[in-house]
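So this block is query.cif, mmCIF, C-alpha atoms and all ligand atoms:
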```
data_my_file
#
loop_
_atom_site.label_atom_id
_atom_site.label_comp_id
_atom_site.auth_asym_id
_atom_site.auth_seq_id
_atom_site.Cartn_x
_atom_site.Cartn_y
_atom_site.Cartn_z
CA MET A 1 -8.28 -134.27 25.94
CA HIS A 2 -7.46 -130.95 27.54
CA THR A 3 -6.92 -128.13 25.08
CA ALA A 4 -5.95 -125.40 27.57
CA THR A 5 -2.29 -124.43 27.45
CA THR A 6 0.06 -126.28 29.79
CA ASP A 7 3.06 -124.03 29.21
CA TYR A 8 4.25 -123.58 32.79
CA ARG A 9 7.56 -121.90 31.90
CA LEU A 10 8.59 -119.09 34.27
CA SER A 11 10.26 -115.80 33.53
CA GLY A 12 13.09 -115.53 36.07
CA TRP A 13 13.41 -111.76 36.01
CA ARG A 14 9.65 -111.06 36.13
CA GLY A 15 8.94 -113.81 38.64
CA GLU A 16 5.82 -114.73 36.67
CA PHE A 17 4.59 -117.35 34.24
CA VAL A 18 5.58 -116.64 30.66
CA HIS A 19 2.09 -117.46 29.44
CA PRO A 20 -0.39 -114.69 30.45
CA SER A 21 -3.39 -117.02 30.77
CA ILE A 22 -1.47 -119.30 33.16
CA GLU A 23 -0.34 -116.27 35.17
CA GLN A 24 -3.95 -115.10 35.41
CA ALA A 25 -5.12 -118.55 36.45
CA PHE A 26 -2.43 -118.63 39.14
CA ARG A 27 -3.48 -115.24 40.50
CA ARG A 28 -7.11 -116.25 40.61
CA HIS A 29 -6.07 -119.44 42.39
CA SER A 30 -3.96 -117.66 45.03
CA GLU A 31 -6.02 -114.47 45.32
CA ALA A 32 -8.13 -115.41 48.33
CA ASP A 33 -5.11 -116.52 50.38
CA ALA A 34 -3.01 -113.51 49.38
CA ALA A 35 -5.89 -111.12 50.18
CA ARG A 36 -6.28 -112.72 53.61
CA SER A 37 -2.62 -112.30 54.52
CA LEU A 38 -2.53 -108.76 53.14
CA ARG A 39 -5.56 -107.81 55.23
CA ARG A 40 -3.86 -109.18 58.32
CA ALA A 41 -0.74 -107.12 57.51
CA LEU A 42 -2.79 -103.96 56.96
CA LEU A 43 -4.44 -104.41 60.33
CA VAL A 44 -1.07 -104.81 62.08
CA TRP A 45 0.33 -101.81 60.24
CA ALA A 46 -2.62 -99.57 61.17
CA SER A 47 -2.45 -100.71 64.83
CA LEU A 48 1.31 -100.02 65.07
CA LEU A 49 0.83 -96.59 63.52
CA LEU A 50 -1.67 -95.57 66.16
CA LEU A 51 0.28 -97.20 69.01
CA PHE A 52 3.43 -95.28 68.15
CA GLY A 53 1.33 -92.10 68.28
CA LEU A 54 1.50 -92.45 72.09
CA MET A 55 5.29 -92.12 71.89
CA ASP A 56 4.84 -88.93 69.84
CA TYR A 57 2.80 -87.53 72.71
CA SER A 58 5.41 -88.33 75.36
CA ALA A 59 8.16 -86.84 73.16
CA LEU A 60 6.39 -83.73 71.81
CA GLY A 61 3.69 -82.98 74.37
CA SER A 62 0.55 -81.36 73.04
CA GLY A 63 1.19 -78.86 70.31
CA TYR A 64 1.10 -78.22 66.60
CA ASP A 65 3.76 -80.86 65.73
CA LEU A 66 1.86 -83.55 67.62
CA PHE A 67 -1.41 -82.67 65.88
CA LEU A 68 0.33 -82.72 62.51
CA LEU A 69 1.93 -86.11 63.14
CA PHE A 70 -1.12 -87.60 64.73
CA GLY A 71 -3.32 -86.27 61.92
CA TRP A 72 -1.11 -88.02 59.37
CA ARG A 73 -1.10 -91.21 61.41
CA LEU A 74 -4.89 -91.15 61.56
CA ALA A 75 -5.20 -90.43 57.84
CA THR A 76 -2.79 -93.29 56.98
CA ALA A 77 -4.59 -95.68 59.34
CA ALA A 78 -7.89 -94.68 57.72
CA VAL A 79 -6.47 -95.40 54.24
CA LEU A 80 -5.16 -98.79 55.43
CA LEU A 81 -8.44 -99.74 57.08
CA LEU A 82 -10.39 -98.65 54.00
CA LEU A 83 -8.21 -100.93 51.92
CA TYR A 84 -8.67 -103.69 54.51
CA TRP A 85 -12.43 -103.31 54.19
CA GLN A 86 -12.35 -103.14 50.37
CA LEU A 87 -10.28 -106.32 50.16
CA ARG A 88 -13.07 -108.29 51.82
CA SER A 89 -15.39 -107.78 48.88
CA LYS A 90 -12.77 -107.27 46.17
CA PRO A 91 -9.83 -109.65 46.67
CA SER A 92 -8.66 -108.84 43.10
CA LEU A 93 -7.17 -105.62 44.57
CA VAL A 94 -4.36 -107.76 45.89
CA SER A 95 -3.52 -109.03 42.41
CA ASP A 96 -3.46 -105.70 40.63
CA GLY A 97 -1.47 -104.17 43.52
CA TYR A 98 -1.91 -100.46 42.62
CA ALA A 99 -4.16 -99.59 45.56
CA VAL A 100 -1.71 -101.16 48.02
CA THR A 101 1.21 -99.35 46.40
CA ALA A 102 -0.66 -96.03 46.70
CA ALA A 103 -1.30 -96.75 50.40
CA GLU A 104 2.38 -97.53 50.91
CA VAL A 105 3.45 -94.30 49.23
CA PHE A 106 0.96 -92.37 51.35
CA GLY A 107 2.18 -94.10 54.53
CA SER A 108 5.84 -93.36 53.62
CA VAL A 109 5.26 -89.63 54.03
CA LEU A 110 4.93 -90.20 57.79
CA PHE A 111 8.61 -91.17 57.95
CA PHE A 112 9.60 -87.88 56.31
CA MET A 113 7.50 -85.98 58.86
CA LEU A 114 8.95 -87.98 61.75
CA TYR A 115 12.43 -87.23 60.52
CA PHE A 116 11.77 -83.49 60.69
CA LEU A 117 9.57 -83.38 63.79
CA ARG A 118 11.02 -86.06 66.10
CA HIS A 119 14.54 -84.74 66.65
CA ASP A 120 14.98 -87.23 69.48
CA MET A 121 14.90 -90.26 67.12
CA VAL A 122 16.49 -89.27 63.82
CA SER A 123 18.70 -92.35 63.56
CA TRP A 124 15.79 -94.54 64.69
CA VAL A 125 13.69 -93.25 61.81
CA ILE A 126 16.33 -94.38 59.33
CA ALA A 127 16.50 -97.84 60.95
CA VAL A 128 12.71 -98.17 60.84
CA VAL A 129 12.71 -97.05 57.19
CA ALA A 130 15.22 -99.81 56.38
CA ILE A 131 12.95 -102.42 58.03
CA SER A 132 9.89 -100.98 56.29
CA LEU A 133 11.62 -101.30 52.94
CA LEU A 134 11.90 -105.03 53.54
CA ALA A 135 8.28 -105.22 54.67
CA LEU A 136 7.12 -103.42 51.51
CA PHE A 137 8.00 -106.43 49.38
CA MET A 138 5.95 -108.71 51.57
CA PHE A 139 2.78 -106.60 51.31
CA ILE A 140 2.19 -106.88 47.59
CA PRO A 141 2.20 -110.48 46.42
CA ASN A 142 2.76 -111.04 42.69
CA ARG A 143 3.78 -107.44 42.06
CA VAL A 144 7.45 -107.23 42.93
CA TYR A 145 8.09 -104.29 40.55
CA LEU A 146 5.37 -102.15 42.11
CA SER A 147 7.00 -102.77 45.48
CA LEU A 148 10.25 -101.59 43.94
CA LEU A 149 8.55 -98.32 42.95
CA ALA A 150 7.23 -97.77 46.49
CA ALA A 151 10.69 -98.62 47.89
CA ALA A 152 12.33 -96.14 45.50
CA PHE A 153 9.90 -93.41 46.60
CA LEU A 154 10.64 -94.06 50.28
CA SER A 155 14.43 -94.27 49.79
CA ILE A 156 14.75 -91.21 47.55
CA GLY A 157 12.35 -89.29 49.82
CA MET A 158 14.46 -90.15 52.83
CA MET A 159 17.65 -89.09 51.04
CA ALA A 160 15.97 -85.80 50.06
CA CYS A 161 14.99 -85.22 53.72
CA VAL A 162 18.56 -85.83 54.85
CA ALA A 163 19.84 -83.46 52.16
CA ALA A 164 17.26 -80.86 53.14
CA ARG A 165 18.56 -80.88 56.70
CA GLY A 166 21.91 -79.76 55.34
CA MET A 167 23.79 -83.07 55.50
CA GLY A 168 26.71 -83.44 53.12
CA ALA A 169 26.57 -85.31 49.82
CA ASP A 170 28.68 -88.14 51.31
CA LYS A 171 26.03 -88.69 54.02
CA VAL A 172 23.20 -88.64 51.50
CA ILE A 173 24.96 -91.11 49.19
CA GLY A 174 25.89 -93.28 52.20
CA LEU A 175 22.24 -93.37 53.23
CA GLY A 176 21.35 -94.33 49.66
CA PHE A 177 23.66 -97.36 49.93
CA ILE A 178 22.29 -98.29 53.34
CA LEU A 179 18.71 -98.19 52.05
CA ALA A 180 19.62 -99.99 48.81
CA LEU A 181 20.64 -103.02 50.86
CA PRO A 182 17.22 -103.93 52.37
CA THR A 183 15.61 -102.97 49.04
CA ALA A 184 17.81 -105.45 47.15
CA VAL A 185 17.34 -108.16 49.78
CA GLY A 186 13.55 -107.60 49.80
CA PHE A 187 13.35 -107.52 46.01
CA PHE A 188 15.28 -110.74 45.41
CA THR A 189 13.60 -112.55 48.29
CA ALA A 190 10.17 -111.59 46.95
CA LEU A 191 11.21 -112.59 43.43
CA ARG A 192 12.38 -116.02 44.60
CA TRP A 193 9.27 -116.42 46.70
CA GLN A 194 7.08 -115.58 43.70
CA LEU A 195 8.93 -118.13 41.59
CA ALA A 196 8.69 -120.82 44.27
CA GLN A 197 4.94 -120.24 44.64
CA ARG A 198 4.46 -120.58 40.89
CA GLN A 199 6.58 -123.74 40.68
CA GLN A 200 4.41 -125.26 43.39
CA TYR A 201 1.27 -124.20 41.52
CA ALA A 202 2.57 -125.69 38.24
CA LEU A 203 3.26 -128.99 40.01
CA LEU A 204 -0.20 -129.00 41.55
CA MET A 205 -1.82 -128.32 38.18
CA GLN A 206 0.20 -131.08 36.55
CA VAL A 207 -0.85 -133.55 39.23
CA ILE A 208 -4.51 -132.51 38.83
CA SER A 209 -4.25 -132.85 35.06
CA SER A 210 -2.61 -136.28 35.33
CA ASN A 211 -5.35 -137.38 37.71
CA ARG A 212 -7.97 -136.16 35.25
CA ASP A 213 -6.28 -138.05 32.42
CA LEU A 214 -6.16 -141.12 34.62
CA GLN A 215 -9.87 -140.79 35.44
CA ASP A 216 -10.66 -140.41 31.72
CA GLU A 217 -8.58 -143.48 30.95
CA ILE A 218 -10.34 -145.48 33.68
CA LYS A 219 -13.73 -144.43 32.29
CA ARG A 220 -12.64 -145.33 28.76
CA ARG A 221 -11.43 -148.75 29.89
CA GLU A 222 -14.59 -149.38 31.90
CA ALA A 223 -16.69 -148.55 28.83
CA LEU A 224 -14.49 -150.80 26.71
CA GLU A 225 -14.79 -153.61 29.24
CA ALA A 226 -18.58 -153.22 29.33
CA GLU A 227 -18.68 -153.26 25.53
CA LEU A 228 -16.46 -156.36 25.36
CA LYS A 229 -18.67 -158.04 27.94
CA ARG A 230 -21.76 -157.11 25.94
CA GLN A 231 -20.18 -158.48 22.77
CA ALA A 232 -19.13 -161.67 24.54
CA THR A 233 -22.59 -162.33 25.96
CA THR A 234 -24.99 -161.15 23.28
CA ASP A 235 -25.90 -161.89 19.72
CA PRO A 236 -24.68 -159.02 17.52
CA LEU A 237 -27.80 -158.79 15.33
CA THR A 238 -30.59 -158.95 17.91
CA GLY A 239 -28.81 -158.00 21.15
CA LEU A 240 -30.35 -161.10 22.80
CA PHE A 241 -28.21 -163.47 24.89
CA ASN A 242 -25.94 -165.74 22.89
CA ARG A 243 -25.63 -169.46 23.45
CA ARG A 244 -22.82 -169.26 25.99
CA GLN A 245 -24.69 -166.73 28.08
CA TYR A 246 -28.13 -168.36 28.07
CA GLU A 247 -26.53 -171.72 28.91
CA MET A 248 -24.90 -170.12 31.91
CA LEU A 249 -28.11 -168.31 32.92
CA PHE A 250 -30.09 -171.54 32.49
CA GLN A 251 -27.84 -173.38 34.97
CA ARG A 252 -28.10 -170.53 37.44
CA GLU A 253 -31.89 -170.33 37.21
CA ARG A 254 -32.27 -174.12 37.35
CA GLU A 255 -30.29 -174.29 40.58
CA ARG A 256 -32.20 -171.37 42.07
CA CYS A 257 -35.62 -172.85 41.14
CA SER A 258 -34.73 -176.29 42.50
CA ARG A 259 -33.48 -174.72 45.74
CA LEU A 260 -36.73 -172.75 46.12
CA GLN A 261 -38.75 -175.73 44.81
CA GLN A 262 -40.15 -173.66 41.98
CA GLU A 263 -41.13 -174.91 38.56
CA MET A 264 -39.34 -173.76 35.44
CA SER A 265 -40.21 -173.94 31.75
CA LEU A 266 -38.16 -173.75 28.61
CA CYS A 267 -39.44 -172.86 25.16
CA VAL A 268 -37.98 -172.93 21.67
CA MET A 269 -39.64 -170.50 19.28
CA ASP A 270 -39.27 -170.49 15.50
CA LEU A 271 -40.61 -167.90 13.04
CA ASP A 272 -42.99 -169.27 10.46
CA HIS A 273 -42.03 -169.24 6.78
CA PHE A 274 -39.13 -166.97 7.43
CA LYS A 275 -37.39 -168.21 4.32
CA ARG A 276 -40.17 -166.60 2.25
CA ILE A 277 -39.46 -163.21 3.81
CA ASN A 278 -35.78 -163.54 2.99
CA ASP A 279 -36.49 -164.71 -0.52
CA GLN A 280 -39.14 -162.10 -1.27
CA TYR A 281 -37.68 -159.02 0.43
CA GLY A 282 -34.02 -159.85 0.81
CA HIS A 283 -31.73 -160.71 3.71
CA ASP A 284 -31.69 -157.14 5.10
CA VAL A 285 -35.45 -157.14 5.55
CA GLY A 286 -35.13 -160.59 7.14
CA ASP A 287 -32.66 -159.09 9.62
CA THR A 288 -35.04 -156.21 10.37
CA VAL A 289 -37.78 -158.74 11.14
CA LEU A 290 -35.48 -160.70 13.45
CA LYS A 291 -34.59 -157.51 15.35
CA HIS A 292 -38.26 -156.56 15.60
CA VAL A 293 -39.17 -159.98 17.02
CA ALA A 294 -36.24 -159.86 19.47
CA GLN A 295 -37.43 -156.46 20.70
CA HIS A 296 -40.97 -157.80 21.03
CA LEU A 297 -39.82 -160.78 23.09
CA SER A 298 -37.64 -158.69 25.40
CA CYS A 299 -40.45 -156.23 26.10
CA ALA A 300 -43.25 -158.75 26.49
CA LEU A 301 -41.58 -161.17 28.90
CA ARG A 302 -40.70 -160.69 32.56
CA HIS A 303 -37.37 -159.18 33.53
CA SER A 304 -36.41 -162.45 35.21
CA ASP A 305 -37.08 -164.47 32.02
CA VAL A 306 -34.12 -165.23 29.77
CA VAL A 307 -34.43 -164.60 26.04
CA GLY A 308 -31.67 -165.91 23.78
CA ARG A 309 -31.06 -166.44 20.11
CA PHE A 310 -30.79 -170.12 19.45
CA GLY A 311 -29.62 -169.65 15.88
CA GLY A 312 -31.10 -168.44 12.58
CA GLU A 313 -34.74 -167.54 13.15
CA GLU A 314 -35.03 -169.64 16.30
CA PHE A 315 -35.17 -168.24 19.82
CA ILE A 316 -34.95 -169.79 23.25
CA LEU A 317 -37.05 -168.61 26.16
CA ILE A 318 -36.28 -169.68 29.74
CA LEU A 319 -39.14 -168.97 32.14
CA PRO A 320 -38.15 -169.44 35.81
CA ASP A 321 -40.85 -169.86 38.47
CA THR A 322 -43.32 -170.86 35.71
CA GLY A 323 -45.18 -174.17 35.40
CA LEU A 324 -46.26 -175.65 32.08
CA GLU A 325 -49.84 -174.38 32.21
CA GLN A 326 -48.72 -170.88 33.10
CA ALA A 327 -46.02 -171.01 30.39
CA VAL A 328 -48.57 -171.97 27.73
CA ALA A 329 -50.76 -169.03 28.74
CA VAL A 330 -47.83 -166.61 28.61
CA LEU A 331 -46.61 -167.95 25.27
CA ASN A 332 -50.06 -167.84 23.72
CA ARG A 333 -50.36 -164.18 24.69
CA LEU A 334 -46.96 -163.60 23.17
CA ARG A 335 -47.84 -165.49 20.01
CA GLU A 336 -51.07 -163.55 19.53
CA ALA A 337 -49.40 -160.21 20.14
CA LEU A 338 -46.67 -161.09 17.63
CA ALA A 339 -49.19 -162.12 14.99
CA GLU A 340 -51.18 -158.93 15.57
CA THR A 341 -48.14 -156.66 15.22
CA PRO A 342 -46.92 -156.69 11.63
CA VAL A 343 -43.41 -155.38 10.98
CA PRO A 344 -43.18 -152.13 9.00
CA VAL A 345 -40.66 -152.64 6.16
CA GLN A 346 -40.27 -150.78 2.88
CA GLY A 347 -43.60 -148.99 3.37
CA GLU A 348 -45.42 -152.29 3.91
CA LEU A 349 -46.68 -154.04 7.01
CA LEU A 350 -45.26 -157.53 7.04
CA PRO A 351 -47.24 -160.08 9.07
CA VAL A 352 -45.10 -162.37 11.23
CA SER A 353 -46.04 -165.43 13.23
CA ALA A 354 -44.16 -168.03 15.21
CA THR A 355 -44.54 -171.57 16.53
CA PHE A 356 -43.59 -172.44 20.10
CA GLY A 357 -42.50 -175.72 21.64
CA VAL A 358 -42.50 -175.66 25.45
CA THR A 359 -41.54 -178.12 28.15
CA THR A 360 -41.15 -178.10 31.91
CA VAL A 361 -37.72 -178.65 33.38
CA GLN A 362 -37.84 -181.79 35.51
CA PRO A 363 -35.81 -182.21 38.74
CA ASP A 364 -33.59 -184.80 37.04
CA ASP A 365 -33.11 -182.62 33.93
CA PHE A 366 -29.47 -181.59 34.12
CA ASP A 367 -28.60 -181.51 30.47
CA LEU A 368 -29.83 -178.42 28.62
CA GLU A 369 -29.41 -180.12 25.24
CA VAL A 370 -31.89 -182.82 26.24
CA ILE A 371 -34.46 -180.27 27.39
CA ILE A 372 -34.05 -178.23 24.21
CA ARG A 373 -34.47 -181.36 22.10
CA ARG A 374 -37.72 -182.09 23.92
CA ALA A 375 -39.03 -178.57 23.34
CA ASP A 376 -37.81 -178.74 19.74
CA GLN A 377 -39.80 -181.93 19.20
CA ALA A 378 -42.95 -180.11 20.35
CA LEU A 379 -42.07 -177.21 18.07
CA TYR A 380 -41.66 -179.60 15.16
CA GLU A 381 -45.10 -181.01 15.86
CA GLY A 382 -46.49 -177.48 15.96
CA LYS A 383 -45.03 -176.76 12.54
CA GLY A 384 -46.62 -179.92 11.21
CA ALA A 385 -49.95 -179.01 12.77
CA GLY A 386 -50.13 -175.76 10.80
CA ARG A 387 -47.72 -173.33 12.65
CA ASN A 388 -48.61 -170.23 14.72
CA ARG A 389 -49.34 -172.25 17.84
CA VAL A 390 -47.94 -173.34 21.19
CA MET A 391 -47.20 -177.04 21.63
CA THR A 392 -46.14 -178.78 24.83
CA ALA A 393 -43.86 -181.71 25.53
N1 LIG B 1 -32.16 -162.52 7.36
C1 LIG B 1 -31.66 -163.54 8.05
N2 LIG B 1 -32.06 -164.76 7.74
C2 LIG B 1 -31.58 -165.82 8.43
C3 LIG B 1 -30.67 -165.64 9.47
N3 LIG B 1 -30.38 -166.88 9.98
C4 LIG B 1 -31.12 -167.78 9.26
N4 LIG B 1 -31.83 -167.15 8.31
C5 LIG B 1 -32.72 -167.68 7.34
O1 LIG B 1 -33.88 -168.22 7.96
C6 LIG B 1 -34.46 -169.10 7.04
C7 LIG B 1 -34.95 -170.31 7.77
O2 LIG B 1 -35.70 -171.04 6.86
P1 LIG B 1 -36.33 -172.46 7.16
O3 LIG B 1 -35.45 -173.18 8.13
O4 LIG B 1 -36.67 -173.10 5.88
O5 LIG B 1 -37.61 -172.14 7.93
P2 LIG B 1 -38.86 -171.24 7.57
O6 LIG B 1 -38.79 -170.65 6.24
O7 LIG B 1 -39.02 -170.24 8.69
O8 LIG B 1 -40.02 -172.25 7.60
P3 LIG B 1 -40.68 -172.86 8.87
O9 LIG B 1 -39.73 -172.75 10.03
O10 LIG B 1 -40.93 -174.29 8.50
O11 LIG B 1 -41.92 -172.10 9.11
C8 LIG B 1 -33.40 -169.39 5.98
O12 LIG B 1 -33.75 -168.72 4.79
C9 LIG B 1 -32.13 -168.81 6.55
O13 LIG B 1 -31.30 -168.31 5.54
C10 LIG B 1 -30.25 -164.32 9.78
O14 LIG B 1 -29.46 -164.08 10.66
N5 LIG B 1 -30.77 -163.31 9.05
#
```
The structure given in the file should be rewritten as structure tokens.
Amino acid sequence: MHTATTDYRLSGWRGEFVHPSIEQAFRRHSEADAARSLRRALLVWASLLLLFGLMDYSALGSGYDLFLLFGWRLATAAVLLLLYWQLRSKPSLVSDGYAVTAAEVFGSVLFFMLYFLRHDMVSWVIAVVAISLLALFMFIPNRVYLSLLAAAFLSIGMMACVAARGMGADKVIGLGFILALPTAVGFFTALRWQLAQRQQYALLMQVISSNRDLQDEIKRREALEAELKRQATTDPLTGLFNRRQYEMLFQRERERCSRLQQEMSLCVMDLDHFKRINDQYGHDVGDTVLKHVAQHLSCALRHSDVVGRFGGEEFILILPDTGLEQAVAVLNRLREALAETPVPVQGELLPVSATFGVTTVQPDDFDLEVIIRRADQALYEGKGAGRNRVMTA
């Protein structure tokens, strides 16, 4: 389960997520892209600044005014390029927005200078200021209110310049209205853009989260399926194959061995005097012994052999690609190892032994019950002959 907040509500007037941690996550997510587009914009801005310097030269010729203007252009371009360079290593500058706002305020001063020094293009300056006001909102993603500050500085500065040149109050106020228009358009466009970006991000996060939940659910179901399969095919106490499973595996191995013309043996194994263990130590100890023996059988036999619990303290061993003589040798080794490995219970070492009845599966042996009965008969004889031995049938 995911504990992180999933409160994707948006504040319409701030243009941000209501929850600060979600807002931060969004900014981290979009930072690299935003920094890339801001750097591109800074480069264009710096290039235009320098390019328009050529027009200053043709209008003013060489002189103090040109040097002043060109000096400011160079200084602004340097600030913009410094920011461009900084953004490469520190894309978080785009999210906090202050450095970009400072650069914008610095760059705005050029318009005031142009207004005073380029008498040939006074009305042009005002038109360019109006366009720049719009552009301001595009330069600072996620910080629409900082853009508003920079826009206010540029607008009020421009109005002050107009007033300083002796224009009447009606002209100054008129200019204020003219500049308020692109500011309002820029502000609301940026606000809507910010909201749209965040809505898209919220959708993306919800899809990712749903996918993750789906993956978790698939994993949970796979584990459940595996567990159900395990329960359906194994004996709960020993973990060995249950009757249904070893019957199925027997048929598969029998067909495979007959196809490859290999021999195959089947053995029934029964613990000796197991009743005594139960009676003397209790049923729980008896269970512990059964688990120990099951573990022993699984480890000692080949991976291709099939070990199942036949019932009670009886086990069934299916040995593919194994003739009778070979099976007897294997089972004798198993028997000896079992007898030599007492089971530790209640601080004691409990000796355990078993009797084995083994038979070879004949080509006309199709019925497992018949084969088991044959092996069981040998086992029965082994019990009668004193137990702890391997008997053949
Ligand atoms: N603890 C435990 N005992 C079981 C389980 N299934 C069967 N038994 C016990 O196994 C014992 C089998 O006893 P018997 O059939 O008399 O055989 P035995 O005592 O091993 O004697 P021999 O086979 O003749 O050597 C009985 O006491 C059953 O109760 C089981 O799952 N857990």
Considering only C-alpha atoms, return as a VMD selection string whatever protein or nucleic-acid residues lie within 12 Å of A:Tyr57, sequence-local ones (same chain, fewer than 5 positions apart) excluded.
-> chain A and resid 50 to 52 62 to 70 117 to 118
Sorted by chain and rising residue number, which residues of stretch 176-240 of chain A lie within 12 Å of stretch 7-24 of chain A, and what are their closest atom pairs and distances in Å to one decimal, counting all atoms listed in the file, as CSV?
```
residue,atom,partner,partner_atom,distance
A:Phe187,CA,A:Gly15,CA,10.6
A:Phe188,CA,A:Trp13,CA,9.6
A:Thr189,CA,A:Gly15,CA,10.8
A:Ala190,CA,A:Gly15,CA,8.7
A:Leu191,CA,A:Gly15,CA,5.4
A:Arg192,CA,A:Gly15,CA,7.2
A:Trp193,CA,A:Gly15,CA,8.5
A:Gln194,CA,A:Gly15,CA,5.7
A:Leu195,CA,A:Gly15,CA,5.2
A:Ala196,CA,A:Gly15,CA,9.0
A:Gln197,CA,A:Gly15,CA,9.7
A:Arg198,CA,A:Glu16,CA,7.3
A:Gln199,CA,A:Leu10,CA,8.2
A:Gln200,CA,A:Tyr8,CA,10.7
A:Tyr201,CA,A:Tyr8,CA,9.2
A:Ala202,CA,A:Tyr8,CA,6.1
A:Leu203,CA,A:Tyr8,CA,9.1
A:Leu204,CA,A:Tyr8,CA,11.2
A:Met205,CA,A:Tyr8,CA,9.4
A:Gln206,CA,A:Tyr8,CA,9.3
```
Residues within 9 Å of ligand LIG 1 (chain B) should be enumerated using only C-alpha atoms and all ligand atoms and returned as a PyMOL selection string.
-> chain A and resi 237-238+270-279+282-290+311-314+353-355+380+383-384+387-388
Using all atoms listed in the file, the shortest atom-to-atom distance to A:Leu331 among A:Leu297, A:Val109, A:Ala77, A:Ala130 belongs to A:Leu297
What is the distance between atom CA of A:Asp235 and atom CA of A:Phe250, in Å to one decimal?
->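 Calculated distance between atom CA of A:Asp235 and atom CA of A:Phe250 is 16.5 Å.
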Among listed residues A:Ile173, A:Val307, A:Leu110, A:Ala184, nearest A:Phe137 (using all atoms listed in the file) = A:Ala184
Could you name the residues that touch A:Thr76 at 6 Å or less, counting all atoms listed in the file, but leaving out those on the same chain fewer than 3 positions away, as a PyMOL selection string?
-> chain A and resi 73+79+107
Given the choices A:Ala160, A:Gly308, A:Val293, A:Pro236, which gets closest to A:Ala339 if the distance is worked out from only C-alpha atoms?
->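 Ranked by minimum distance to A:Ala339, first place goes to A:Val293.
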Residues of stretch 315-343 of chain A that have any atom at most 9 Å from an atom of stretch 255-269 of chain A: could you tabulate them with the shortest-distance atom pair and the distance in Å to one decimal, using all atoms listed in the file, ordered by chain and increasing number, as a tab-separated table?
```
residue	atom	partner	partner_atom	distance
A:Phe315	CA	A:Met269	CA	5.0
A:Ile316	CA	A:Val268	CA	4.6
A:Leu317	CA	A:Cys267	CA	5.0
A:Ile318	CA	A:Leu266	CA	4.6
A:Leu319	CA	A:Ser265	CA	5.1
A:Pro320	CA	A:Met264	CA	4.5
A:Asp321	CA	A:Glu263	CA	5.1
A:Thr322	CA	A:Met264	CA	4.9
A:Gly323	CA	A:Glu263	CA	5.2
A:Leu324	CA	A:Ser265	CA	6.3
A:Ala327	CA	A:Ser265	CA	6.6
A:Leu331	CA	A:Cys267	CA	8.7
```
For A:Tyr115, work out the shell of residues within 10 Å, counting only C-alpha atoms and skipping chain neighbours fewer than 2 positions away, then give it as a PyMOL selection string.
-> chain A and resi 109-113+117-126+158+161-162+165
Using all atoms listed in the file, find the one residue out of A:Gly61, A:Leu80, A:Arg254, A:Val306 that sits nearest to A:Leu49.
->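 Smallest distance to A:Leu49 is found for A:Leu80.
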Which residues come within 10 Å of A:Ser132, counting only C-alpha atoms, excluding same-chain residues fewer than 5 positions away, as a PyMOL selection string?
-> chain A and resi 104+108+126-127+137-138+151+154+182-183+186
Which value, in Å to one decimal, gives the distance between atom CA of A:Gly168 and atom CA of A:Ser155?
-> 16.7 Å
Closest of A:Gly382, A:Ser92, A:His296, A:Gln215 to A:Pro342 - atom-to-atom distances counting all atoms listed in the file |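 The answer is A:His296, which sits nearest to A:Pro342.
One finds atom CA of A:Leu87 at 6.5 Å from atom CA of A:Ala35.
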Missing atoms in stretch 147-155 of chain A need filling: write out N, CA and C atoms for it as a PDB file, in the coordinates of the input.
```pdb
ATOM      1  N   SER A 147       6.356-102.944  44.164  1.00  0.00           N
ATOM      2  CA  SER A 147       7.000-102.770  45.480  1.00  0.00           C
ATOM      3  C   SER A 147       8.309-102.000  45.313  1.00  0.00           C
ATOM      4  N   LEU A 148       8.985-102.267  44.206  1.00  0.00           N
ATOM      5  CA  LEU A 148      10.250-101.590  43.940  1.00  0.00           C
ATOM      6  C   LEU A 148      10.018-100.079  43.775  1.00  0.00           C
ATOM      7  N   LEU A 149       8.899 -99.739  43.135  1.00  0.00           N
ATOM      8  CA  LEU A 149       8.550 -98.320  42.950  1.00  0.00           C
ATOM      9  C   LEU A 149       8.334 -97.647  44.311  1.00  0.00           C
ATOM     10  N   ALA A 150       7.522 -98.331  45.167  1.00  0.00           N
ATOM     11  CA  ALA A 150       7.230 -97.770  46.490  1.00  0.00           C
ATOM     12  C   ALA A 150       8.525 -97.642  47.298  1.00  0.00           C
ATOM     13  N   ALA A 151       9.413 -98.653  47.156  1.00  0.00           N
ATOM     14  CA  ALA A 151      10.690 -98.620  47.890  1.00  0.00           C
ATOM     15  C   ALA A 151      11.555 -97.462  47.396  1.00  0.00           C
ATOM     16  N   ALA A 152      11.534 -97.235  46.074  1.00  0.00           N
ATOM     17  CA  ALA A 152      12.330 -96.140  45.500  1.00  0.00           C
ATOM     18  C   ALA A 152      11.811 -94.805  46.023  1.00  0.00           C
ATOM     19  N   PHE A 153      10.484 -94.668  46.096  1.00  0.00           N
ATOM     20  CA  PHE A 153       9.900 -93.410  46.600  1.00  0.00           C
ATOM     21  C   PHE A 153      10.351 -93.157  48.031  1.00  0.00           C
ATOM     22  N   LEU A 154      10.280 -94.203  48.863  1.00  0.00           N
ATOM     23  CA  LEU A 154      10.640 -94.060  50.280  1.00  0.00           C
ATOM     24  C   LEU A 154      12.141 -93.748  50.426  1.00  0.00           C
ATOM     25  N   SER A 155      12.977 -94.463  49.661  1.00  0.00           N
ATOM     26  CA  SER A 155      14.430 -94.270  49.790  1.00  0.00           C
ATOM     27  C   SER A 155      14.841 -92.879  49.316  1.00  0.00           C
TER      28      SER A 155
END
```
